[in-house]
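A.B. asks: Provided below: work.txt, containing compact mmCIF, C-alpha atoms.
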# COMPACT_ATOMS: atom_id res chain seq x y z
CA MET A 1 -2.54 -19.71 -10.85
CA GLY A 2 -1.81 -20.22 -14.54
CA PHE A 3 -1.58 -17.35 -17.00
CA ASN A 4 -2.96 -18.31 -20.41
CA THR A 5 -3.60 -14.81 -21.72
CA VAL A 6 -1.25 -11.92 -20.98
CA GLY A 7 -2.07 -8.29 -21.65
CA ILE A 8 0.57 -5.65 -22.37
CA ILE A 9 0.25 -1.99 -21.39
CA ALA A 10 3.11 0.42 -22.01
CA LYS A 11 3.69 4.11 -21.52
CA HIS A 12 1.57 6.07 -23.99
CA PRO A 13 3.59 7.21 -27.05
CA GLN A 14 2.51 10.84 -26.53
CA HIS A 15 4.04 10.82 -23.03
CA LEU A 16 7.25 9.07 -24.01
CA PRO A 17 10.52 11.05 -23.84
CA ALA A 18 12.76 10.52 -26.86
CA GLU A 19 15.45 8.81 -24.77
CA GLN A 20 12.97 6.13 -23.65
CA SER A 21 11.79 5.12 -27.13
CA ALA A 22 14.59 2.62 -27.82
CA PRO A 23 14.53 0.99 -24.32
CA LEU A 24 10.75 0.64 -24.54
CA ALA A 25 10.89 -0.95 -27.99
CA ALA A 26 13.57 -3.38 -26.76
CA ALA A 27 11.57 -4.31 -23.65
CA LEU A 28 8.41 -4.89 -25.68
CA SER A 29 10.33 -7.07 -28.13
CA VAL A 30 11.74 -9.24 -25.32
CA LEU A 31 8.30 -9.41 -23.74
CA ALA A 32 6.56 -10.50 -26.94
CA SER A 33 9.20 -13.11 -27.85
CA THR A 34 9.28 -14.61 -24.33
CA LEU A 35 5.49 -14.91 -24.24
CA ALA A 36 5.55 -16.54 -27.68
CA LYS A 37 8.07 -19.14 -26.46
CA HIS A 38 5.71 -20.04 -23.63
CA LYS A 39 2.79 -20.31 -26.08
CA VAL A 40 0.84 -17.68 -24.19
CA GLU A 41 -1.91 -15.71 -25.91
CA VAL A 42 -1.04 -12.01 -25.99
CA VAL A 43 -3.30 -8.95 -26.12
CA ILE A 44 -1.82 -5.44 -26.29
CA ASP A 45 -3.44 -2.17 -25.29
CA GLU A 46 -4.68 -0.56 -28.50
CA ASP A 47 -2.83 2.67 -27.66
CA ASN A 48 0.49 0.77 -27.74
CA ALA A 49 -0.03 -1.33 -30.88
CA GLN A 50 2.24 0.86 -33.04
CA GLN A 51 5.14 0.41 -30.61
CA LEU A 52 5.51 -3.27 -31.49
CA GLU A 53 6.95 -4.36 -34.83
CA LYS A 54 5.06 -7.65 -34.70
CA LYS A 55 1.30 -7.26 -35.05
CA LEU A 56 -0.60 -8.62 -32.05
CA PRO A 57 -4.29 -8.68 -31.12
CA THR A 58 -5.34 -5.39 -29.53
CA ALA A 59 -8.05 -4.35 -27.09
CA ASP A 60 -9.12 -1.28 -25.17
CA ARG A 61 -8.30 -1.22 -21.44
CA LYS A 62 -11.75 -2.38 -20.33
CA SER A 63 -11.75 -5.39 -22.68
CA LEU A 64 -8.10 -6.16 -21.94
CA ALA A 65 -8.85 -6.34 -18.21
CA LYS A 66 -11.53 -8.96 -18.84
CA LYS A 67 -9.51 -11.04 -21.32
CA ALA A 68 -6.12 -11.16 -19.61
CA ASP A 69 -5.09 -13.44 -16.74
CA LEU A 70 -2.03 -11.22 -16.20
CA VAL A 71 -1.13 -7.71 -17.35
CA VAL A 72 2.48 -6.63 -17.82
CA VAL A 73 2.94 -2.87 -17.52
CA VAL A 74 6.07 -1.39 -19.12
CA GLY A 75 6.90 2.16 -18.07
CA GLY A 76 7.09 4.05 -14.81
CA ASP A 77 4.96 4.18 -11.69
CA GLY A 78 2.58 6.62 -13.37
CA THR A 79 1.85 4.11 -16.14
CA LEU A 80 1.10 1.44 -13.56
CA LEU A 81 -1.15 3.75 -11.52
CA GLY A 82 -3.40 4.25 -14.52
CA ALA A 83 -3.42 0.54 -15.35
CA ALA A 84 -4.16 -0.37 -11.73
CA ARG A 85 -7.37 1.66 -11.72
CA ASP A 86 -8.44 -0.09 -14.93
CA MET A 87 -7.63 -3.58 -13.59
CA MET A 88 -9.08 -3.24 -10.08
CA HIS A 89 -12.63 -4.22 -10.98
CA THR A 90 -11.56 -7.55 -12.49
CA GLY A 91 -8.75 -8.33 -10.05
CA THR A 92 -6.36 -8.93 -12.95
CA PRO A 93 -2.82 -9.18 -11.50
CA ILE A 94 -0.16 -6.73 -12.69
CA LEU A 95 3.57 -7.21 -13.22
CA GLY A 96 5.52 -3.94 -13.57
CA VAL A 97 8.64 -3.41 -15.72
CA ASN A 98 10.60 -0.27 -14.82
CA LEU A 99 11.48 2.19 -17.57
CA GLY A 100 10.99 5.22 -15.34
CA ARG A 101 13.13 6.81 -12.63
CA LEU A 102 12.22 5.68 -9.11
CA GLY A 103 9.99 2.70 -9.80
CA PHE A 104 8.46 1.73 -6.44
CA LEU A 105 5.69 -0.19 -8.21
CA VAL A 106 7.40 -1.32 -11.41
CA ASP A 107 10.16 -3.36 -9.81
CA VAL A 108 11.36 -5.59 -12.70
CA LEU A 109 14.42 -4.16 -14.44
CA PRO A 110 14.50 -4.47 -18.26
CA ASN A 111 17.69 -6.60 -18.19
CA LYS A 112 15.91 -9.04 -15.85
CA LEU A 113 12.64 -9.09 -17.78
CA GLU A 114 13.05 -12.41 -19.61
CA GLU A 115 14.16 -14.26 -16.47
CA ALA A 116 11.45 -12.69 -14.30
CA LEU A 117 8.73 -13.41 -16.84
CA LYS A 118 9.74 -17.07 -17.12
CA GLN A 119 9.56 -17.45 -13.35
CA VAL A 120 6.14 -15.81 -13.16
CA LEU A 121 4.72 -17.87 -16.04
CA ASN A 122 6.01 -21.02 -14.31
CA GLY A 123 4.08 -20.07 -11.18
CA ASP A 124 7.04 -18.83 -9.15
CA TYR A 125 6.03 -15.39 -7.89
CA ILE A 126 4.85 -13.32 -4.93
CA ARG A 127 1.31 -11.91 -4.94
CA GLU A 128 0.12 -8.81 -3.09
CA ASP A 129 -3.38 -7.39 -2.78
CA ARG A 130 -3.14 -3.67 -2.10
CA LEU A 131 -5.59 -1.08 -0.84
CA ILE A 132 -7.19 1.39 -3.22
CA LEU A 133 -9.27 4.44 -2.27
CA GLU A 134 -12.63 5.62 -3.53
CA ALA A 135 -13.20 9.38 -3.30
CA ARG A 136 -16.44 11.20 -4.04
CA ILE A 137 -17.14 14.92 -4.22
CA GLN A 138 -20.43 16.08 -2.72
CA GLN A 139 -21.93 19.51 -3.33
CA LYS A 140 -24.85 20.46 -1.09
CA GLY A 141 -25.39 16.81 -0.25
CA GLN A 142 -25.39 15.63 -3.87
CA GLN A 143 -22.61 13.45 -5.31
CA VAL A 144 -21.10 15.03 -8.42
CA CYS A 145 -18.24 12.62 -9.20
CA CYS A 146 -16.46 9.50 -8.00
CA HIS A 147 -12.96 8.23 -8.88
CA TYR A 148 -10.39 5.76 -7.53
CA ALA A 149 -6.82 6.32 -6.33
CA PHE A 150 -4.09 3.71 -5.87
CA ASN A 151 -1.56 6.21 -4.48
CA ASP A 152 -3.38 9.19 -3.06
CA VAL A 153 -6.16 11.73 -3.12
CA VAL A 154 -4.72 15.26 -2.90
CA ILE A 155 -6.63 18.44 -2.19
CA HIS A 156 -4.75 21.66 -2.94
CA SER A 157 -5.31 25.24 -3.99
CA ARG A 158 -6.12 25.93 -7.61
CA ASP A 159 -4.06 29.14 -7.39
CA LEU A 160 -0.81 28.02 -5.77
CA PRO A 161 0.62 29.18 -3.46
CA ARG A 162 -2.55 29.91 -1.48
CA MET A 163 -3.43 28.52 1.92
CA LEU A 164 -6.65 26.53 2.33
CA GLU A 165 -8.88 25.92 5.33
CA LEU A 166 -9.91 22.26 5.38
CA GLU A 167 -11.99 20.43 7.96
CA SER A 168 -11.12 16.75 8.44
CA HIS A 169 -13.41 14.08 9.89
CA VAL A 170 -12.99 10.33 10.44
CA ASP A 171 -16.07 8.13 10.94
CA GLY A 172 -18.12 11.22 11.76
CA GLN A 173 -15.66 12.51 14.36
CA PHE A 174 -14.06 15.93 13.83
CA ILE A 175 -10.25 15.85 13.70
CA SER A 176 -9.11 19.39 12.99
CA LEU A 177 -9.35 22.54 10.94
CA HIS A 178 -6.19 22.49 8.82
CA ARG A 179 -4.72 25.74 7.55
CA ALA A 180 -2.31 24.46 4.95
CA ASP A 181 -1.52 24.32 1.25
CA GLY A 182 -3.61 21.17 1.14
CA LEU A 183 -4.05 17.62 2.39
CA ILE A 184 -2.77 14.28 1.09
CA ILE A 185 -4.88 11.20 1.83
CA SER A 186 -2.75 8.21 0.89
CA THR A 187 -2.75 4.43 0.80
CA PRO A 188 0.30 2.54 2.13
CA THR A 189 1.36 2.21 -1.52
CA GLY A 190 1.21 5.99 -1.90
CA SER A 191 3.08 6.64 1.34
CA THR A 192 6.37 6.69 -0.60
CA GLY A 193 5.06 9.32 -3.01
CA TYR A 194 3.80 12.84 -2.42
CA ALA A 195 2.97 12.01 1.21
CA LEU A 196 6.62 11.15 1.92
CA SER A 197 7.75 14.46 0.42
CA GLY A 198 5.21 16.16 2.68
CA GLY A 199 6.75 14.63 5.81
CA GLY A 200 4.50 11.60 6.13
CA PRO A 201 5.69 8.17 7.30
CA VAL A 202 6.53 5.20 5.08
CA LEU A 203 3.80 2.57 5.51
CA HIS A 204 4.44 -1.06 4.63
CA PRO A 205 2.14 -1.93 1.70
CA ASN A 206 0.59 -4.85 3.58
CA LEU A 207 -0.76 -2.52 6.26
CA GLN A 208 -4.46 -1.80 6.18
CA ALA A 209 -4.24 1.91 6.87
CA ILE A 210 -4.89 5.37 5.40
CA GLY A 211 -2.56 8.32 5.93
CA LEU A 212 -3.55 11.97 6.19
CA THR A 213 -0.66 14.39 5.65
CA PRO A 214 -1.00 18.20 5.66
CA ILE A 215 0.92 20.05 2.95
CA CYS A 216 3.00 22.88 4.42
CA PRO A 217 0.70 23.40 7.43
CA HIS A 218 0.56 26.84 9.03
CA GLY A 219 0.67 25.35 12.54
CA LEU A 220 3.67 23.25 13.58
CA GLY A 221 1.37 20.99 15.61
CA ASP A 222 -0.56 19.92 12.51
CA ARG A 223 1.12 16.54 11.94
CA PRO A 224 0.40 13.47 9.77
CA ILE A 225 -1.97 10.90 11.23
CA ILE A 226 -2.70 7.28 10.34
CA ALA A 227 -6.21 5.84 10.48
CA PRO A 228 -7.51 2.28 9.95
CA SER A 229 -8.30 1.38 6.36
CA THR A 230 -11.94 0.85 7.36
CA SER A 231 -12.23 4.57 8.13
CA ARG A 232 -14.65 6.81 6.31
CA MET A 233 -12.89 10.16 5.90
CA MET A 234 -14.54 13.42 5.01
CA ILE A 235 -12.63 16.57 4.07
CA LYS A 236 -14.59 19.80 3.73
CA LEU A 237 -13.35 22.98 2.09
CA SER A 238 -14.26 25.68 4.61
CA ALA A 239 -16.66 28.32 3.36
CA SER A 240 -14.70 30.99 5.28
CA GLY A 241 -11.34 30.15 3.67
CA HIS A 242 -9.99 30.33 0.11
CA PRO A 243 -13.00 29.33 -2.05
CA ASN A 244 -11.34 27.38 -4.86
CA ALA A 245 -9.37 24.13 -4.81
CA ILE A 246 -8.62 21.03 -6.85
CA VAL A 247 -8.91 17.35 -5.99
CA ALA A 248 -6.37 15.06 -7.72
CA TRP A 249 -6.64 11.28 -7.87
CA ASP A 250 -3.12 9.83 -8.30
CA GLY A 251 -2.17 13.16 -9.86
CA GLN A 252 -3.91 12.00 -13.05
CA ILE A 253 -7.61 12.81 -12.60
CA LEU A 254 -8.52 16.37 -11.59
CA GLU A 255 -11.80 17.89 -10.40
CA ASP A 256 -12.62 21.37 -9.11
CA LEU A 257 -13.69 21.94 -5.53
CA SER A 258 -15.61 24.99 -4.29
CA ALA A 259 -16.19 26.43 -0.81
CA GLY A 260 -18.43 24.15 1.25
CA ASP A 261 -17.83 21.08 -0.95
CA GLU A 262 -17.01 17.78 0.72
CA VAL A 263 -14.67 14.97 -0.35
CA HIS A 264 -15.72 11.59 1.06
CA ILE A 265 -12.93 8.98 1.04
CA THR A 266 -13.42 5.28 1.78
CA PRO A 267 -11.57 2.05 0.98
CA ALA A 268 -12.74 0.62 -2.33
CA HIS A 269 -14.42 -2.79 -2.33
CA ASN A 270 -11.78 -4.09 -4.74
CA HIS A 271 -8.01 -4.32 -4.40
CA VAL A 272 -5.12 -3.94 -6.82
CA ARG A 273 -3.30 -7.24 -7.23
CA LEU A 274 0.45 -6.95 -7.88
CA ILE A 275 2.78 -9.75 -8.95
CA HIS A 276 6.49 -9.78 -8.05
CA PRO A 277 9.24 -12.17 -9.12
CA PRO A 278 10.67 -14.44 -6.39
CA GLY A 279 13.11 -12.67 -4.10
CA TYR A 280 11.10 -9.44 -3.98
CA ASP A 281 12.10 -7.53 -0.84
CA TYR A 282 10.23 -4.32 0.03
CA PHE A 283 12.89 -3.05 2.43
CA SER A 284 15.63 -3.68 -0.12
CA LEU A 285 13.55 -1.63 -2.56
CA LEU A 286 13.33 1.22 -0.04
CA ARG A 287 17.07 1.13 0.61
CA SER A 288 17.76 1.31 -3.10
CA LYS A 289 15.25 4.02 -4.02
CA LEU A 290 15.67 6.22 -0.93
CA ALA A 291 19.44 5.72 -0.56
CA TRP A 292 19.13 4.49 3.02
CA GLY A 293 22.49 3.83 4.64
CA ARG A 294 24.41 5.04 1.61
CA ASP A 295 27.68 6.88 2.25
CA ARG A 296 26.89 10.09 0.43
CA SER A 297 30.31 11.56 1.20
CA ALA A 298 31.89 8.88 -0.99
CA GLN A 299 29.88 9.94 -4.03
CA PRO A 300 31.31 12.46 -6.48
Before we go any further, please render this structure as structure tokens.

C.D. replies:
Amino acid sequence: MGFNTVGIIAKHPQHLPAEQSAPLAAALSVLASTLAKHKVEVVIDEDNAQQLEKKLPTADRKSLAKKADLVVVVGGDGTLLGAARDMMHTGTPILGVNLGRLGFLVDVLPNKLEEALKQVLNGDYIREDRLILEARIQQKGQQVCCHYAFNDVVIHSRDLPRMLELESHVDGQFISLHRADGLIISTPTGSTGYALSGGGPVLHPNLQAIGLTPICPHGLGDRPIIAPSTSRMMIKLSASGHPNAIVAWDGQILEDLSAGDEVHITPAHNHVRLIHPPGYDYFSLLRSKLAWGRDRSAQP
């Protein structure tokens, strides 16, 4: 697959810590110059235009998704999560450059950017199509909103810390009444995020599965479960429990939930397409980010 037009999305200037300004400017400069050497047409997200010294054509996210054959995201995992939701409807592949902290999704380091970009533009890369979730809130049988999540859909109390009562169902079958601080419904991609902190398992991103992880459950027997990705999940906020909650899509989109409301979660028809440079190794990434096998006693 050739890439004739490359879009650039970077962390929004308003969300950029001062210490990241210089590294971001340097990464964007390398990115722009490398693309120019390969005679690739470049389009930059209009929100990031001021972060590049050289003026380039700009577009809003919706137009950029349609124009670009490849989108390079420069920032952290949060930046890529937002871009992924914008790119999913067109299937535009995404290459992530890590300027954040952990970086499970943005796996190209800035000092490897030029080399990695050359390899990708020459057709030497690994492609992954990853699951994304669609979650809809229904009130008295009527849908009131619908959003997408690449990492997770999280239901939690609006007034933390307050325990919720949540009914869970899969394909019409009742699972349990959870008394907990909330529930995390995650994709395999999101299994290394909030779900992992909540005690959920790490799921390989190529698995077609959905995880359900209770947050601080009241009962010790209330454990994470994994369901097939074809499952249709429904979570209902019990009318007899705490009446107010929030639903969060990737921690970036928030909607209120009231007693008796239902959240219906299904796999989206589209996928998020990620691009990795050659040599990408998911388990090596886990060892690095989660410090597996590291001798902690040897560290200062």

A.B. asks: Would you work out the distance separating CA of Tyr148 in chain A from CA of Gly193 in chain A, expressed in Å to one decimal?

C.D. replies: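 Separating CA of Tyr148 in chain A from CA of Gly193 in chain A is a distance of 16.5 Å.
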
A.B. asks: List as a Markdown table every residue of range 26-91 of chain A that is in contact with range 247-256 of chain A, defined as an atom at most 12 Å from one of its atoms (using only C-alpha atoms), together with the nearest atom pair and the distance in Å rounded to one decimal, sorted by chain and then rising number.

C.D. replies:
| residue | atom | partner | partner_atom | distance |
| --- | --- | --- | --- | --- |
| A:Asp77 | CA | A:Asp250 | CA | 10.4 |
| A:Gly78 | CA | A:Asp250 | CA | 8.3 |
| A:Thr79 | CA | A:Gln252 | CA | 10.2 |
| A:Leu80 | CA | A:Asp250 | CA | 10.8 |
| A:Leu81 | CA | A:Asp250 | CA | 7.2 |
| A:Gly82 | CA | A:Gln252 | CA | 7.9 |
| A:Ala83 | CA | A:Asp250 | CA | 11.7 |
| A:Ala84 | CA | A:Asp250 | CA | 10.8 |
| A:Arg85 | CA | A:Asp250 | CA | 9.8 |

A.B. asks: Do a neighbour search on Thr213 in chain A at 12 Å with only C-alpha atoms, toss out local chain neighbours closer than 2 positions, and write the hits as a PyMOL selection string.

C.D. replies: chain A and resi 152-156+168+178+180-187+190-191+193-202+210-211+215-217+222-227

A.B. asks: Between CA of Arg273 in chain A and CA of Ala68 in chain A, what is the distance in Å, rounded to a tenth?

C.D. replies: 13.3 Å

A.B. asks: Using only C-alpha atoms, give me every residue within 10 Å of (-13.7, 11.0, -1.6) in file coordinates, as a ChimeraX atom specification.

C.D. replies: /A:133-138,143,145-149,153,185,232-235,247,249,262-267

A.B. asks: Have a look at CA of Asn48 in chain A and CA of Ile94 in chain A and let me know their distance in Å, one decimal.

C.D. replies: 16.8 Å

A.B. asks: I'd like to know which of A:Lys118, A:His204, A:His169, A:His15 is closest to Leu285 in chain A, using only C-alpha atoms.

C.D. replies: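 Closest candidate: A:His204.
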
A.B. asks: Which residues are near range 276-280 of chain A? Cut-off 6 Å, all atoms listed in the file, ignore same chain within fewer than 2 positions. Put them as a ChimeraX atom specification.

C.D. replies: /A:116,125-126

A.B. asks: Dump as a PyMOL selection string all residues having an atom at most 8 Å from (-6.9, 25.8, -8.4), computed in the file's coordinates with all atoms listed in the file.

C.D. replies: chain A and resi 156-160+244-246+256

A.B. asks: As a list of chain:residue names, please: the residues near Phe3 in chain A (cut-off 7 Å, only C-alpha atoms, same-chain neighbours under 3 positions excluded).

C.D. replies: A:Val6, A:Asp69, A:Leu70, A:Leu121

A.B. asks: Near Val73 in chain A, within 9 Å and counting all atoms listed in the file, which residues show up once chain neighbours fewer than 4 positions away are dropped, as a PDB file with C-alpha atoms, in the coordinates of the input?

C.D. replies:
ATOM      1  CA  GLY A   7      -2.070  -8.290 -21.650  1.00  0.00           C
ATOM      2  CA  ILE A   8       0.570  -5.650 -22.370  1.00  0.00           C
ATOM      3  CA  ILE A   9       0.250  -1.990 -21.390  1.00  0.00           C
ATOM      4  CA  ALA A  10       3.110   0.420 -22.010  1.00  0.00           C
ATOM      5  CA  LYS A  11       3.690   4.110 -21.520  1.00  0.00           C
ATOM      6  CA  THR A  79       1.850   4.110 -16.140  1.00  0.00           C
ATOM      7  CA  LEU A  80       1.100   1.440 -13.560  1.00  0.00           C
ATOM      8  CA  ALA A  83      -3.420   0.540 -15.350  1.00  0.00           C
ATOM      9  CA  ILE A  94      -0.160  -6.730 -12.690  1.00  0.00           C
ATOM     10  CA  LEU A  95       3.570  -7.210 -13.220  1.00  0.00           C
ATOM     11  CA  GLY A  96       5.520  -3.940 -13.570  1.00  0.00           C
ATOM     12  CA  VAL A  97       8.640  -3.410 -15.720  1.00  0.00           C
ATOM     13  CA  ASN A  98      10.600  -0.270 -14.820  1.00  0.00           C
ATOM     14  CA  VAL A 106       7.400  -1.320 -11.410  1.00  0.00           C
TER      15      VAL A 106
END

A.B. asks: Using only C-alpha atoms, find the one residue out of A:Thr230, A:Gln50, A:Asn111, A:Thr90 that sits nearest to Ala26 in chain A.

C.D. replies: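 Among A:Thr230, A:Gln50, A:Asn111, A:Thr90, it is A:Asn111 that comes nearest to Ala26 in chain A.
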
A.B. asks: Counting only C-alpha atoms, which residue out of A:Leu286, A:Lys236, A:Gly2, A:Ala18 sits closest to Gly141 in chain A?

C.D. replies: A:Lys236

A.B. asks: Nearest to Pro110 in chain A among A:Leu220, A:Val170, A:Val43, A:Leu24, with distances taken over all atoms listed in the file: which residue is it?

C.D. replies: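 Result for the nearest residue to Pro110 in chain A: A:Leu24.
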
A.B. asks: Under the rule that only C-alpha atoms are counted, which of A:Pro161, A:Gly123, A:Pro188, A:Gly91 is the nearest residue to Phe104 in chain A?

C.D. replies: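 Residue with the minimum atom-to-atom distance to Phe104 in chain A: A:Pro188.
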
A.B. asks: Give the answer as one residue: which of A:His269, A:Arg179, A:Lys67, A:Arg130 has the shortest atom-to-atom distance to Glu41 in chain A, using only C-alpha atoms?

C.D. replies: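 For Glu41 in chain A, the nearest of the candidates is A:Lys67.
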